[in-house]
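Reading through the structure tokens given below for one structure.
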Amino acid sequence: MEKINTFDSLPNMVYELKEKMDYFTSIVESLKPEKESNKLLTIEEAAKLLDLKVSTMYSKANKNELPFMKKGKKLYFFKSELLSYVKSGKIPSIEEIHDRAKNYLNNKK
């Protein structure tokens with residue numbers, strides 16, 4: 001028997017659609033050429049990517065707040081790791097929180 005969609009179920013359907021789109025987007029992102037995602041950056045390039053000062057980059061690296069590699073006195077960064085670091089700090093919007101709450105409550109019924 002086919003599930004009947006109502007206007008009241010629309011927010012839940014939109015949330016599920018968004019979750020699926022996020023999933024497919026992550027798959028497409030992971031399929032990008034490895035050359036770009038594993039690009040090695042100098043501290044100056046990494047600072048430019050993150051829009052930070054070089055001194056801030058050194059400070060964050062010293063506190064192990066950033067993923068980095070050290071060879072001699074030079075620091076290196078993978079672009080993909082820096083982007084993941086930035087994405088890990090994403091705070092959900094009010095709309096995303098409301099959608100998650102609605103989905104949770106709809107699934108509890």
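Naming works like this for the structure tokens: A, B, ... for the chains as they're shown, residue 1 at the start of each chain, ligands 1 onward in shown order.
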Item to complete: Write down as a count of residues only the residues of segment 1-74 of chain A whose backbone DSSP state falls under alpha helix (DSSP H).
Response: 42
Worksheet item: Using only C-alpha atoms, which residue out of A:Asn64, A:Asn103, A:Asn38, A:Ser9 lies closest to Leu83 of chain A?
Response: A:Asn38
Item to complete: For Phe78 of chain A, list every protein, DNA or RNA residue within 8 Å, evaluated using only C-alpha atoms, and leave out those in the same chain fewer than 2 positions away; present the list as a list in words.
Response: Ser37, Asn38, Lys39, Leu40, Leu41, Phe68, Tyr76, Ser80, Glu81 and Leu82 of chain A
Create the file for the chosen residues now, containing C-alpha atoms and written as a compact mmCIF listing (two decimals), in the first residue's frame.
# COMPACT_ATOMS: atom_id res chain seq x y z
CA SER A 37 41.96 17.28 -2.59
CA ASN A 38 45.46 16.16 -1.56
CA LYS A 39 47.17 19.35 -2.63
CA LEU A 40 49.99 20.20 -0.25
CA LEU A 41 50.00 23.83 0.92
CA PHE A 68 49.61 19.86 9.79
CA TYR A 76 52.75 21.88 5.46
CA SER A 80 41.39 18.67 2.10
CA GLU A 81 42.26 18.43 5.81
CA LEU A 82 41.98 22.18 6.28
What are the closest atom pairs, with distances in Å to one decimal, for each residue of segment 4-58 of chain A lying within 10 Å of segment 91-100 of chain A, using only C-alpha atoms, rows by chain and rising residue number, as JSON lines?
{"residue": "A:Pro11", "atom": "CA", "partner": "A:Asp99", "partner_atom": "CA", "distance": 7.0}
{"residue": "A:Asn12", "atom": "CA", "partner": "A:Asp99", "partner_atom": "CA", "distance": 7.2}
{"residue": "A:Met13", "atom": "CA", "partner": "A:Asp99", "partner_atom": "CA", "distance": 10.0}
{"residue": "A:Val14", "atom": "CA", "partner": "A:Asp99", "partner_atom": "CA", "distance": 8.6}
{"residue": "A:Tyr15", "atom": "CA", "partner": "A:Asp99", "partner_atom": "CA", "distance": 6.1}
{"residue": "A:Glu16", "atom": "CA", "partner": "A:Asp99", "partner_atom": "CA", "distance": 9.4}
{"residue": "A:Lys18", "atom": "CA", "partner": "A:Glu96", "partner_atom": "CA", "distance": 9.9}
Practice prompt. Would you please give, as a ChimeraX atom specification, all residues of chain A that DSSP assigns to strand (DSSP E) based on the backbone?
Written response: /A:40-42,69-71,74-78
Only C-alpha atoms, please: the residues just picked out, written as an mmCIF file, in the first residue's frame.
data_model
loop_
_atom_site.group_PDB
_atom_site.id
_atom_site.type_symbol
_atom_site.label_atom_id
_atom_site.label_comp_id
_atom_site.auth_asym_id
_atom_site.auth_seq_id
_atom_site.Cartn_x
_atom_site.Cartn_y
_atom_site.Cartn_z
ATOM 1 C CA LEU A 40 49.987 20.204 -0.254
ATOM 2 C CA LEU A 41 50.000 23.829 0.922
ATOM 3 C CA THR A 42 52.679 25.974 2.500
ATOM 4 C CA MET A 69 52.885 18.160 8.986
ATOM 5 C CA LYS A 70 56.334 19.410 9.861
ATOM 6 C CA LYS A 71 59.521 18.777 7.919
ATOM 7 C CA LYS A 74 58.608 24.163 7.680
ATOM 8 C CA LEU A 75 54.908 23.411 8.180
ATOM 9 C CA TYR A 76 52.753 21.884 5.462
ATOM 10 C CA PHE A 77 49.010 21.397 5.216
ATOM 11 C CA PHE A 78 46.723 19.262 3.063
#
Discussion item. Can you measure atom CA of Asn62 of chain A to atom CA of Leu50 of chain A for me? One decimal in Å is fine.
Written reply: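 Separation between atom CA of Asn62 of chain A and atom CA of Leu50 of chain A: 16.6 Å.
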